[in-house]
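Peer 1: Before anything else, here's the structure in question.
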Amino acid sequence: MNRHCISSINTACLCSNSQRIRTGFRGLLFFLLAAFISALCAFGQATNAYVTSNGAAAGSCPSGSTTFTPAQFSTASTWGTGSSQIGPGTKVLLCGTITAAAGSTPLTLQGSGTSSSPITLQFDTGASLQAPYFSSNGAININGQSYVVINGGTNGVIEATANGTSGYSGCPSGSCSNQQNSQGIENFGNNDTVENLTIGPMYARTGTTDEAPASLNLDCIDVGTSSNALSNVTINNNVVHDCMNGIFFEYGSGGGLNFTVSNNTIYNVNWGFGTAGCTSGTNFSGLYYFGNHTYNLAVWDDTVGNDFHHNGIHSFQCNSSTATISNYYIYNNEFDGPVGSCCVTSQIYIDNNGTNLGFTSSYVFNNVFSWANGDCGNTCGNGQLGLFSGTGWTVVNNTFIGNAVSASSLGGALMEANQPSTSTSFLNNVMTTGSPNIWLADLSMLSSSPNYNTYANGLSGGDTFECQTNQFSASQFSSWVACIGNETKSNYYAADPLPNCLTNTNCSNVVPQSGSTVIQAATNLYSACESQPNPGLGALCYDKAGNARPKSGNWDGGAFQSSSSTASILPPTNVQAVGH
């Protein structure tokens, strides 16, 4: 048998010699080798394939290889089990700049991988997929296929080069000349992953009077709707920018489980992440949103039609649907400004769409929220966290920073909660420079009184606390406590307990320094997170930076432990991998 044939894993050569192996040697070792070769021969599709703009060599895509044009990639006959077809286990490398026609979908997948052999579409170094604008089916249409990995490599890009506010110079090609639908990645199936990719712009918007996007589909990533269950989708470590919705997910009548959005940077968007339940009776379980950074919603300000209401996260139900999400985990994220001066609803807006309790057993922890200095201009809607739907919310160890420069410059509470959000726990949070810091409009929603929270730096002339219809200034903290019922372990301080954010879009430094009033001001919740899954509630046993919180003794308030409070304890346990 040819040794070079074995070392290069040449399928055709191995297949031609398999009979010689079976008849020329004896013993278990060679029997097993023959069985392996037979399996390999049956699994005959290409191990590696390539896509370039014209099917010729480009970048790392060599000549003489299995190379396709985008049109060939998108043709059903290219997919299968033949030696030059794309199938389970094939890695397809995208090379060079692929420029598609305006309004087209250059890449449409025609087959699925398997759990052990996913299909991978990877961007070569410097590869890009571009068009003046793409179709509503996206630049890449996953087409409902499963076990697919789309990997941007080191710097892969998908961009609409000329779609945006008319005449704006912010399009990649220069002046924006189109106002059309344009989607990035569309129509996921089960067990799909998108990672390490830059997606955007889909629509480069500027000013406050461009109404064209109101009737367009402009998502960077649209997971899509499905009548079947949709499960185990991962969107990790991407840069998503300049689109109406950064990432949007509508779960259909089949429901599903386990959707992870992690470690993404999202900016210049109207919504960073949107979820919608539109079919009554549907339940989606296990939505994990962590490690993401969302900022600069202001580019979607609209002073004409008021069509764009900004949210870092907007989760809602369609048309009074009774669809639900259970086990929704929002943690370790940063939400920053500038958020605009006209159109913000909330950084996280859990919308009741009337009267429905669409969210159950869900968590918000270790997040940092920050408006930009003087932002909002009395128009910040329902605050940095607006809870208006659900039963069993746990809101703990978050840092809320208003950054308001006067009592009138922040028009929404840092946190606002109202019926029908019920059985809500609010513990260990830090709230500073808000007007008001917190508004609890309906006390029946609480499972217990808020407690172990640190409120600070109320604004002269403004309300620091609102309890039902009662408004209290900073000097009336005892009246707030009496109205709430029993918040005896919380405190109000005139001075900020945390450093100022480095910039309007970077609050990674708001860690308690020596002497901060938030140090050991929070209750210990270790028993709630110990041995829980991570991703999931197990992450609460660590702060936003990954430092372990103490197993015994008081915790620090807010998203970060101080350096003096992290010399605790145990290495991570029960940690699960994310993605492929």
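Quick note on naming: the chains in the structure tokens go A, B, ... in the order shown, residues restart at 1 in each chain, and ligands are numbered from 1 in order of appearance.
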Set out as a Markdown table a contact list for segment 202-278 of chain A and segment 493-511 of chain A with a cut-off of 12 Å, giving each residue of segment 202-278 of chain A that qualifies its closest atom pair and distance in Å to one decimal, counting only C-alpha atoms, ordered by chain and rising residue number.
Peer 2:
| residue | atom | partner | partner_atom | distance |
| --- | --- | --- | --- | --- |
| A:Thr265 | CA | A:Thr505 | CA | 11.3 |
| A:Ile266 | CA | A:Thr505 | CA | 11.3 |
| A:Tyr267 | CA | A:Thr505 | CA | 9.9 |
| A:Asn268 | CA | A:Thr505 | CA | 11.8 |
Peer 1: List as JSON, numbers by chain the protein and nucleic acid residues near Leu387 of chain A, meaning an atom at most 12 Å away when only C-alpha atoms are counted, but skip any in the same chain fewer than 3 places from it.
Peer 2: {"A": [313, 314, 315, 316, 345, 346, 347, 348, 349, 350, 351, 352, 353, 357, 358, 359, 362, 363, 364, 382, 383, 384, 390, 391, 392, 393, 394, 395, 413, 414, 415, 416, 417, 418, 419, 420, 421, 422, 423, 424, 425, 426, 438, 439, 440, 441, 442, 445, 446]}
Peer 1: Write the residues of the preceding selection, restricted to C-alpha atoms, as an mmCIF file, in the first residue's frame.
Peer 2:
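Result file follows (result-v6.cif):
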data_model
loop_
_atom_site.group_PDB
_atom_site.id
_atom_site.type_symbol
_atom_site.label_atom_id
_atom_site.label_comp_id
_atom_site.auth_asym_id
_atom_site.auth_seq_id
_atom_site.Cartn_x
_atom_site.Cartn_y
_atom_site.Cartn_z
ATOM 1 C CA ILE A 313 -32.847 44.220 24.674
ATOM 2 C CA HIS A 314 -36.536 44.154 23.752
ATOM 3 C CA SER A 315 -38.399 40.959 24.610
ATOM 4 C CA PHE A 316 -42.115 40.864 23.927
ATOM 5 C CA THR A 345 -37.675 52.858 26.002
ATOM 6 C CA SER A 346 -35.176 50.904 28.143
ATOM 7 C CA GLN A 347 -31.775 49.307 27.926
ATOM 8 C CA ILE A 348 -33.609 46.109 28.858
ATOM 9 C CA TYR A 349 -37.328 46.253 28.136
ATOM 10 C CA ILE A 350 -39.402 43.237 29.143
ATOM 11 C CA ASP A 351 -42.690 44.179 27.499
ATOM 12 C CA ASN A 352 -46.078 42.926 28.686
ATOM 13 C CA ASN A 353 -47.883 43.751 25.424
ATOM 14 C CA LEU A 357 -47.035 37.236 31.926
ATOM 15 C CA GLY A 358 -44.762 35.980 29.160
ATOM 16 C CA PHE A 359 -41.566 35.314 31.158
ATOM 17 C CA SER A 362 -35.732 34.491 34.786
ATOM 18 C CA TYR A 363 -32.654 36.376 35.958
ATOM 19 C CA VAL A 364 -30.846 39.695 35.503
ATOM 20 C CA ASN A 382 -38.990 53.116 31.233
ATOM 21 C CA GLY A 383 -35.459 53.321 32.560
ATOM 22 C CA GLN A 384 -32.364 51.243 32.145
ATOM 23 C CA GLY A 390 -43.186 37.900 33.972
ATOM 24 C CA THR A 391 -43.372 35.946 37.154
ATOM 25 C CA GLY A 392 -40.307 35.028 39.162
ATOM 26 C CA TRP A 393 -37.740 37.624 38.059
ATOM 27 C CA THR A 394 -34.531 37.733 40.111
ATOM 28 C CA VAL A 395 -32.661 41.057 39.726
ATOM 29 C CA ALA A 413 -35.963 55.663 36.472
ATOM 30 C CA LEU A 414 -32.836 53.561 36.439
ATOM 31 C CA MET A 415 -35.111 50.638 37.196
ATOM 32 C CA GLU A 416 -38.876 50.619 36.766
ATOM 33 C CA ALA A 417 -41.168 47.717 37.526
ATOM 34 C CA ASN A 418 -44.908 47.488 37.207
ATOM 35 C CA GLN A 419 -47.713 44.962 37.149
ATOM 36 C CA PRO A 420 -48.036 42.372 35.721
ATOM 37 C CA SER A 421 -44.424 41.556 36.597
ATOM 38 C CA THR A 422 -44.842 39.477 39.775
ATOM 39 C CA SER A 423 -42.716 37.741 42.393
ATOM 40 C CA THR A 424 -39.696 39.909 41.637
ATOM 41 C CA SER A 425 -36.613 39.858 43.875
ATOM 42 C CA PHE A 426 -34.394 42.982 43.903
ATOM 43 C CA ILE A 438 -35.837 53.347 41.275
ATOM 44 C CA TRP A 439 -39.573 53.356 40.660
ATOM 45 C CA LEU A 440 -41.695 50.498 41.899
ATOM 46 C CA ALA A 441 -45.136 51.266 40.584
ATOM 47 C CA ASP A 442 -46.922 48.232 42.021
ATOM 48 C CA MET A 445 -45.117 42.369 42.160
ATOM 49 C CA LEU A 446 -42.496 41.859 44.875
#
Peer 1: When you count only C-alpha atoms, which of these residues is closest to Gln468 of chain A: A:Asn332, A:Ser444, A:Gln561, A:Asn54?
Peer 2: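 When distances to Gln468 of chain A are compared using only C-alpha atoms, the smallest one comes from A:Ser444.
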Peer 1: Counting only C-alpha atoms, which residue out of A:Ser531, A:Asn366, A:Asn151, A:Ser361 sits closest to Gly546 of chain A?
Peer 2: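 The answer is A:Asn366, which sits nearest to Gly546 of chain A.
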Peer 1: Please provide as a PyMOL selection string all residues within 6 Å of segment 184-199 of chain A, with the sequence filter that same-chain residues fewer than 2 positions apart are discarded (counting only C-alpha atoms).
Peer 2: chain A and resi 137-153+156-158+220-224+230-240
Peer 1: Measure the distance from atom CA of Asp301 of chain A to atom CA of Glu211 of chain A in Å and round it to one decimal.
Peer 2: 10.3 Å
Peer 1: How would you write, as a PyMOL selection string, the set of residues in segment 153-386 of chain A that DSSP gives as strand (DSSP E)?
Peer 2: chain A and resi 157-160+185-186+193-195+198-199+219-222+233-236+239-251+256-262+265-277+283-290+293-295+310-317+324-331+334-335+344-350+359-365+368-370+385-386
